[in-house]
Amino acid sequence: MESNNSRSFFGDFKKYLPLLQNLAGKDFKLKYRRSILGIAWSILNPLLTMLVLTVVFGYLFGIGRGTYADVPDFAVFYIVGASMWNFFSEATTGSMTSVTAAASLIKKVYIPKYIFPLEKCLFALINFAFSLIAVAIVMIARSQFPGVTLVMLPVPVIYCLLFATGISLFLSAVTVYFNDVIHLYSVVLTLWMYLTTLIYPLSLVETWKGTSVIMTVVVTVIKYNPMSMYLTMFRDVVMNNTWPSLEQHLWCFGYGILAMLIGVFTFKKLQKNFILNI
Amino acid sequence: MAELPAVEVKNVDMHFKMSKERLQSLKELFLKFVKRDLKYENFVALNNVSLTIEKGDVFGIVGLNGSGKSTLLKIISGILTPTHGEVVTRGVIAPLIELGAGFDLELTARENIYLNGSVLGFSKKYMDEHFQEIVDFSEMEGFLDTPMKNYSSGMIARIGFAIATMTVPDILIVDEILAVGDFKFQEKCEARINEMMNNGRTTVIVVSHSMGQIERLCKHCAWLEHGNLKMVGDCDTVCEAYKSAY
């Protein structure tokens with residue numbers, strides 16, 4: 001076994017696979033340690049949030065009363081989208097501080113540094129898998145059953161994972177240099193959520209198009225927002241029994257690859273001096 | 001055929017850009033950048049250092065504080081990337097720089113042993129095979145399922161040492177020989193290190209300020225002064241020169 005200081009970026013990934021598993025396992029154990037319901041919270045949490053939002057948006061604002069063709073049932077509409085949005089938001093916020101939090105390790109042992117953001121993405125993916133149980137419960141309760149397109153379920157998840165990993169690599173590297181990113185990103189994430197078709201369908205905002213220049217811009221941003229695209233594709237295969245179009249695939253995959261390129265490039269460029277800055 | 005050396009350090013330079021003040025925010029950086037007020041001080045920690053350490057050697061590095069010893073060790077173990085030059089290592093490196101660096105005190109000892117093993121790059125299967133060995137060596141059998149935050153520092157160090165030396169690594173890096181645990185455990189640790197040094201396969205790199213220790217253990221030695229390699233060679237010769245210089 002020979003190595004030198006120009007180790008390949010993803011070269012010794014296999015060797016550190018157990019570390020990835022152990023770190024994710026550790027996060028999982030610690031998250032629910034000393035809580036009585038434990039893992040059940042992974043399912044209960046999205047269910048309770050869904051209840052609140054269904055009352056507010058589904059009943060009070062009337063989105064759930066069959067006004068919009070793409071929202072057959074608000075509870076289902078929301079929880080399917082929320083499971084994916086939460087995955088993205090958890091992965092990126094978790095990753096952001098992952099490198100700085102591992103400072104004591106990085107300073108003492110050689111570990112490929114991308115392990116840390118990757119682990120947070122993996123951890124978010126595990127939580128996402130649990131939240132799918134909540135999705136199933138709601139779908140059964142509202143008797144909205146998925147069709148054959150359900151077999152496509154992993155596809156939007158993989159696209160979104162690519163995208164989230166790219167953003168995570170970027171954020172975790174930049175945070176080492178500027179703590180500001182942490183505060184800035186929490187605001188960005190809130191704005192991002194409102195610009196995503198999470199609590200409202202695209203057809204609702206499309207009626208605003210043309211009312212003014214600003215509105216047209218906002219609607220375009222919402223439509224071409226990568227997260228809206230992922231949510232749409234995910235809803236298509238899980239609840240609408242619709243096969244995603246080739247165009248959808250190209251957009252979703254394209255955004256994922258673009259984010260990965262930016263993330264890997266930035267991380268690679270900045271990681272050399274991590275140790276001098278953490 | 002002669003075996004390839006375990007560590008080759010080729011013309012390594014290490015420069016640190018030390019900004020006079022640490023910038024923590026984008027606004028500060030932006031303002032300084034606009035005002036062209038970014039001050040850096042270039043600090044040369046290592047200057048054109050070349051070394052070859054043969055397989056099975058016990059190699060000592062001596063020098064005053066701040067001469068670049070720890071920087072060199074960090075470059076060899078891959079933690080730091082040199083500014084110029086190249087380092088080639090052949091084999092598994094076990095860092096003994098600080099014991100228990102990878103522990104999460106909320107977890108139990110059992111969980112930490114697996115976590116720390118994977119930090120060092122060992123597979124789960126490998127850890128399963130060596131788990132009992134680690135427990136026996138550290139003598140912590142009764143406390144395996146206690147969260148480590150309830151451990152004393154001596155107990156933590158015992159587990160850390162047992163993991164780090166469980167394998168017979170190809171290259172062992174020892175930065176100041178350990179002073180952990182009670183005297184009986186210390187003896188046990190030294191015996192373990194001696195055993196590794198004498199097996200003829202493991203290359204050991206030792207940094208110490210105790211000249212007695214270096215002279216007792218090492219075959220070859222390097223002397224660093226202000227980042228420059230002053231002398232390399234036979235341990236006795238280098239140590240004599242080093243001692244007479246100050």
# chains A, B, ... in the order shown; residues from 1 in each chain; ligands from 1
>>> select_by_dssp(residues="segment 2-240 of chain B", states="strand (DSSP E or B)", output="PyMOL selection string")
chain B and resi 7-19+40-53+58-62+84-90+93-95+108+147+171-175+203-207+220-225+228-234
>>> closest_atom_pairs(of="chain A", to="chain B", cutoff="10 Å", atoms="only C-alpha atoms", output="tab-separated table")
residue	atom	partner	partner_atom	distance
A:Met1	CA	B:Gly91	CA	5.5
A:Glu2	CA	B:Arg90	CA	4.7
A:Ser3	CA	B:Thr89	CA	5.7
A:Asn4	CA	B:Val88	CA	4.4
A:Asn5	CA	B:Val87	CA	5.9
A:Ser6	CA	B:Glu86	CA	8.3
A:Arg7	CA	B:Gly78	CA	9.1
A:Asp12	CA	B:Gly121	CA	9.5
A:Lys14	CA	B:Gly121	CA	9.4
A:Lys15	CA	B:Gly121	CA	5.8
A:Tyr16	CA	B:Gly121	CA	5.6
A:Leu17	CA	B:Ser123	CA	8.3
A:Pro18	CA	B:Ser118	CA	5.7
A:Leu19	CA	B:Ser118	CA	4.6
A:Leu20	CA	B:Ser118	CA	8.3
A:Gln21	CA	B:Ser118	CA	9.0
A:Asn22	CA	B:Leu115	CA	5.7
A:Leu23	CA	B:Leu115	CA	7.1
A:Gly25	CA	B:Leu115	CA	9.5
A:Lys26	CA	B:Leu107	CA	7.8
A:Lys29	CA	B:Leu107	CA	8.6
A:Leu30	CA	B:Glu106	CA	7.6
A:Arg33	CA	B:Glu106	CA	9.5
A:Ala102	CA	B:Gly102	CA	9.0
A:Ser104	CA	B:Ala101	CA	6.6
A:Leu105	CA	B:Gly102	CA	5.8
A:Ile106	CA	B:Ile79	CA	7.3
A:Lys107	CA	B:Ile79	CA	6.8
A:Lys108	CA	B:Ile97	CA	6.6
A:Val109	CA	B:Ile79	CA	6.3
A:Tyr110	CA	B:Ile79	CA	4.9
A:Ile111	CA	B:Val119	CA	7.2
A:Pro112	CA	B:Ile79	CA	9.5
A:Thr175	CA	B:Gln24	CA	10.0
A:Val176	CA	B:Gln24	CA	9.5
A:Tyr177	CA	B:Gln24	CA	7.0
A:Phe178	CA	B:Ser25	CA	5.4
A:Asn179	CA	B:Gln24	CA	6.4
A:Asp180	CA	B:Ser25	CA	5.8
A:Val181	CA	B:Leu26	CA	8.8
A:Lys272	CA	B:Thr81	CA	6.7
A:Asn273	CA	B:Thr81	CA	8.4
A:Phe274	CA	B:Leu80	CA	9.5
A:Ile275	CA	B:Leu80	CA	7.3
A:Leu276	CA	B:Phe16	CA	8.3
A:Asn277	CA	B:Arg22	CA	9.1
>>> atom_distance(atom1="atom CA of Thr92 of chain A", atom2="atom CA of Ser168 of chain A")
4.8 Å
>>> residues_around(residues="Arg192 of chain B", least_positions_apart="4", cutoff="10 Å", atoms="only C-alpha atoms", output="list in words")
Ala162, Thr165, Met166, Gln186, Glu187, Lys188, Met196 and Met197 of chain B
>>> closest_residue(among="A:Phe145, A:Phe170, A:Phe77, A:Phe87", to="Thr232 of chain A", atoms="only C-alpha atoms")
A:Phe77
>>> atom_distance(atom1="atom CA of Glu141 of chain B", atom2="atom CA of Cys189 of chain B")
18.0 Å
>>> residues_around(residues="segment 44-51 of chain A", least_positions_apart="4", cutoff="8 Å", atoms="only C-alpha atoms", output="PyMOL selection string")
chain A and resi 40+55+75+78-79+82-83+131+134+138
>>> residues_around(residues="segment 217-230 of chain A", least_positions_apart="5", cutoff="6 Å", atoms="only C-alpha atoms", output="PyMOL selection string")
chain A and resi 195-197
>>> write_last_selection(atoms="C-alpha atoms", output="CSV table (one decimal), in the first residue's frame")
chain,number,residue,atom,x,y,z
A,195,LEU,CA,-40.0,29.8,-2.9
A,196,THR,CA,-40.5,26.0,-3.1
A,197,THR,CA,-43.8,24.4,-3.9
